[in-house]
Every structure is written in C-alpha cells, then in structure tokens.
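**Student:** The following block contains the structure, expressed as structure tokens.
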Amino acid sequence: MARLGLGGCLGVVAAAALAASAHAEAAPPFAALLAAAQKSPNLAVSAAEVDAATARLRQARTWRNPEVSLEAENFGGERPYRGFDAAESTLSVSQTLELGGKRQARTAAAGFAVEQARAEQRQAGVDFAARLALAYGEAEAADARVTQLQEAVSAAEADARVARLLVENGREAQLRGLQAAAEAQAARASLSEAVAAREAAFARLTAVAGTGETYDALSESLLTRSPAASSAAADVDTPAVLASLAARNAAASRVDVERRQATPDVTVSAGVRRYGDDDATAFIAGVSAPLPLFDRNRGATDAARAELRAADARLQQARLEAAADLAAARAQSRSATSRVEAAQASEAAAAEAYRLARIGYEAGRLPLLELSAARRALAAARTATIDARLARLRAEAEIARLTGRTPFGA
C-alpha cells in the first residue's frame, strides 16, 4: 500500500508539472534557436555598446561651436554717462580653433573605440552561442536522466514484484522482499529528483535563449552529435585576443589624444562696436590663447600611457590564456570522445548482464543481491554515457568559443 501511495503522489506531481508547462513548447533545433535568440537580452548589451561608440564617433567629428556675445558699457551712470546716449555696445563672434591635430586625434580614438566595441560584440556572440549550446545539452542530459530513471523505476518495481512472489512461495526470505521494495522506493525518489532537475535545466535554457518562449522539450539531440573537426594548430587570434588587441589600439589612440591636449588652442573673434556719443561704428578683431604655464596635461598623458601598458599586458595574457585554453579544450574533447566510446560499450555490456541476471533470478539460480548489483551497474553505465556525452559537448562548445565559431556548425 505504501508503494502504491508513493506512486500516486508521483503521479499527482507529474500531472501538476504537465499542467504548469501546458503553455510550453519544444525548443527548435539548435541552429534555429540560435538564430531566434539573436535579439535576446544577452546580446542586446553589446549591440547597444556598439551603437553608443558609433554615436561618440559622430560626436568626435564635430567642430567647436562659435560663441556670440553682446556687450554694453558706459551707460546708466553719472554725467556724462547718464542714460544710453554715450553707451558703447559691441557685438562679436568668436571661434576656438583646435590646434595640434586634436580633432583628428579625437576622431581616430573614437574610431578605435568603435572597433573595440565591435570586437567585444563578436566575442559576446561566440560566448553566447557556446552558452546556449551548453544549456541545450544540459537540458537534453537532464531529460535523458529522467528517461533513464523511469526505466530504472520500472525495472526495480518489476524486480520487487518478482521478489514478492518468491517470498510468498517460500523461495526467498522476507528480508529480500523488503530490500527489493526499498530499492524500488529509492528509485522513485531519484526519479522525482531528476524531474526537478529537468525542470530547472529547461528553465535555464529558456532564460539563456531569451526568445520569450518557454521550452520543455527539444527538437534535436546535441549529445549524440560528433564534434566538428578542428585544426591541431594553436589558434591565438581568438575573439578574446582580438577584443584585447582592439582595446590596446584604443588605449594607444587615447595617449595621442592626451598628448595633443598640451598644445594651446587659439580663439579668434570679430565684431562691431557702436559709439553712442559719437554716433559712430567701428570693427573689432582679436586673437586669444591660453598660456601653458601650469597645465600641460602631463598627468592625463601619463595616465593614458599607464593604461596603454596595462592594455599591452592584458593582450599578452589573453594570447597566453587563449593558447593554453584551446590546447586544454582539445585535450578534453579527445578524452571525452574516448569516454563516450568506452561508456557506450560498458552500457551495452551492463544491459546484457542485467538481462541475464534477471532471467537467472526469476529461475531461482541467482540471489537478489546479484540482480540488484546488475541493475545498479546498468544505471551507473547509462549515467556514465550521458555524462561522457555532456563532457564532449562542453569541450566542443569551448573549442568553438575559443576559435570564434558556433558549436556544431550552427
């Protein structure tokens, strides 16, 4: 009765889960899902940063605005300056001219900033593709574990029924029947845990994709797909390296901008002055420039040079890490591929061993302990196959991310 009660509870849980996910749908194949996710929030940030950098480039190209001034003097005082008859008024226009190539340097720096933003956008794209592939594979693995444990529950319950019949016929001790029932109950508990893990995995896939759809199933398998062939050469121009290189170039351009700020700008002005007491008009013109006695912008220039040294160091570190990470990912891919082959062979052998053990137990030639051990070995072998395939997918996603391509040729 306890077994039936637990099974009924599991049925209620499953029915509730199905009702909660009634609005969900199967995720499309990975390539289609990746295409649909291009407008997801995960990629919107880098796209907005490119737009911002492009707008700053437009702003950097603009000229300084001229200034218009109107001045009045010699009015409203004591005689002879009472009223406005003797007032002098001046209307002038002034324009600051940037010297030393400041505008050109500023525009070049903004252009390098755009290139940096685009390089970071490309890096974000390949990072997102790898993350989506991993979420897709983890959801598939969680779904496969549920299927595996459903089969394990069915097998454990079948073994428990056989054990109960043998106990009733006096061919097994009562203890063996209780052990078989306990194993079936443990299998059902593991299934309930796997169902929860599956729901969490599909929730992560839904969140990563960011398409606005809710997924509870998959349209294709990534775990069974072989990784794409890749060159054995060390590819150091990874998206991360290219982004670091673009950041280094942008830092170098900022040094030039700050260095040119030490050159004083010149402001030229021209206008008209009217003399009220003489009822006369005259033209005025002027030139002004700051004296660079105190501020030569040396602090900002030194800071920009220090930032350039930091960018050089980050670029060098990115190249070292890219080579090491790519070599490690390729080694993990080879190891995972070998693990998959070994796990599949082991699973086939464990399945045959369990089949024979069940036949022997039902015939009374093998004890329950042998049957239970064979069933646990089969479950472990199936789990090892899923884990090995997931490890192979992780390695493929990492290699694709490091080499700047999408996983599985999507």
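If you're wondering about the labels, chains in the structure tokens are A, B, ... by order shown, residues count from 1 in each chain, ligands from 1 in order shown.
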Excluding range 207-222 of chain A and any residue of its chain fewer than 3 positions from it, enumerate the residues within 10 Å of it, using only C-alpha atoms, and give them as a ChimeraX atom specification.
**Tutor:** /A:18,21-30,33-43,128-129,131-141,143,198-199,201-204,225-227,389-390,393,407-408
**Student:** Report as a Markdown table: every residue of range 100-180 of chain A with an atom at most 9 Å from range 402-406 of chain A, its closest pair of atoms, and their distance in Å to one decimal, counting only C-alpha atoms, with rows sorted by chain and ascending residue number.
**Tutor:**
```
| residue | atom | partner | partner_atom | distance |
| --- | --- | --- | --- | --- |
| A:Arg122 | CA | A:Gly404 | CA | 8.2 |
| A:Gln123 | CA | A:Gly404 | CA | 7.5 |
| A:Gly125 | CA | A:Gly404 | CA | 8.8 |
| A:Val126 | CA | A:Gly404 | CA | 5.9 |
| A:Asp127 | CA | A:Leu402 | CA | 8.6 |
| A:Ala129 | CA | A:Thr406 | CA | 5.9 |
| A:Ala130 | CA | A:Thr406 | CA | 6.9 |
| A:Ala133 | CA | A:Thr406 | CA | 8.8 |
```
**Student:** Which of these residues is nearest to Asp325 in chain A, using only C-alpha atoms: A:Gln344, A:Gln104, A:Ser92, A:Thr238?
**Tutor:**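 Nearest candidate to Asp325 in chain A out of A:Gln344, A:Gln104, A:Ser92, A:Thr238: A:Thr238.
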**Student:** Measure the distance from CA of Ala180 in chain A to CA of Ala381 in chain A in Å and round it to one decimal.
**Tutor:** 20.6 Å
**Student:** Excluding Phe283 in chain A and any residue of its chain fewer than 5 positions from it, enumerate the residues within 12 Å of it, using only C-alpha atoms, and give them as a ChimeraX atom specification.
**Tutor:** /A:89-93,269-275
**Student:** Quick one: distance from CA of Leu245 in chain A to CA of Leu315 in chain A in Å, one decimal?
**Tutor:**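 Going from CA of Leu245 in chain A over to CA of Leu315 in chain A covers 6.0 Å.
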**Student:** Between CA of Ala105 in chain A and CA of Asn65 in chain A, what distance in Å does the model show, to one decimal?
**Tutor:** 18.4 Å
**Student:** DSSP says strand (DSSP E) for which residues of range 92-229 of chain A? Put them as a ChimeraX atom specification?
**Tutor:** /A:92-97,215-218
**Student:** When distances are computed from only C-alpha atoms, which of A:Arg296, A:Arg334, A:Arg259, A:Arg145 shows the smallest separation from Ile386 in chain A?
**Tutor:** A:Arg145
**Student:** Give the answer as one residue: which of A:Ala142, A:Leu368, A:Ala323, A:Ala336 has the shortest atom-to-atom distance to Leu178 in chain A, using only C-alpha atoms?
**Tutor:** A:Leu368
**Student:** Find the spatial neighbours of Leu378 in chain A, counting only C-alpha atoms, within a cut-off of 12 Å - ignore same-chain residues fewer than 4 positions away - and output them as an MDAnalysis selection string.
**Tutor:** chainID A and resid 148:149 151:152 155:156 343:355 357 371:374 382:385
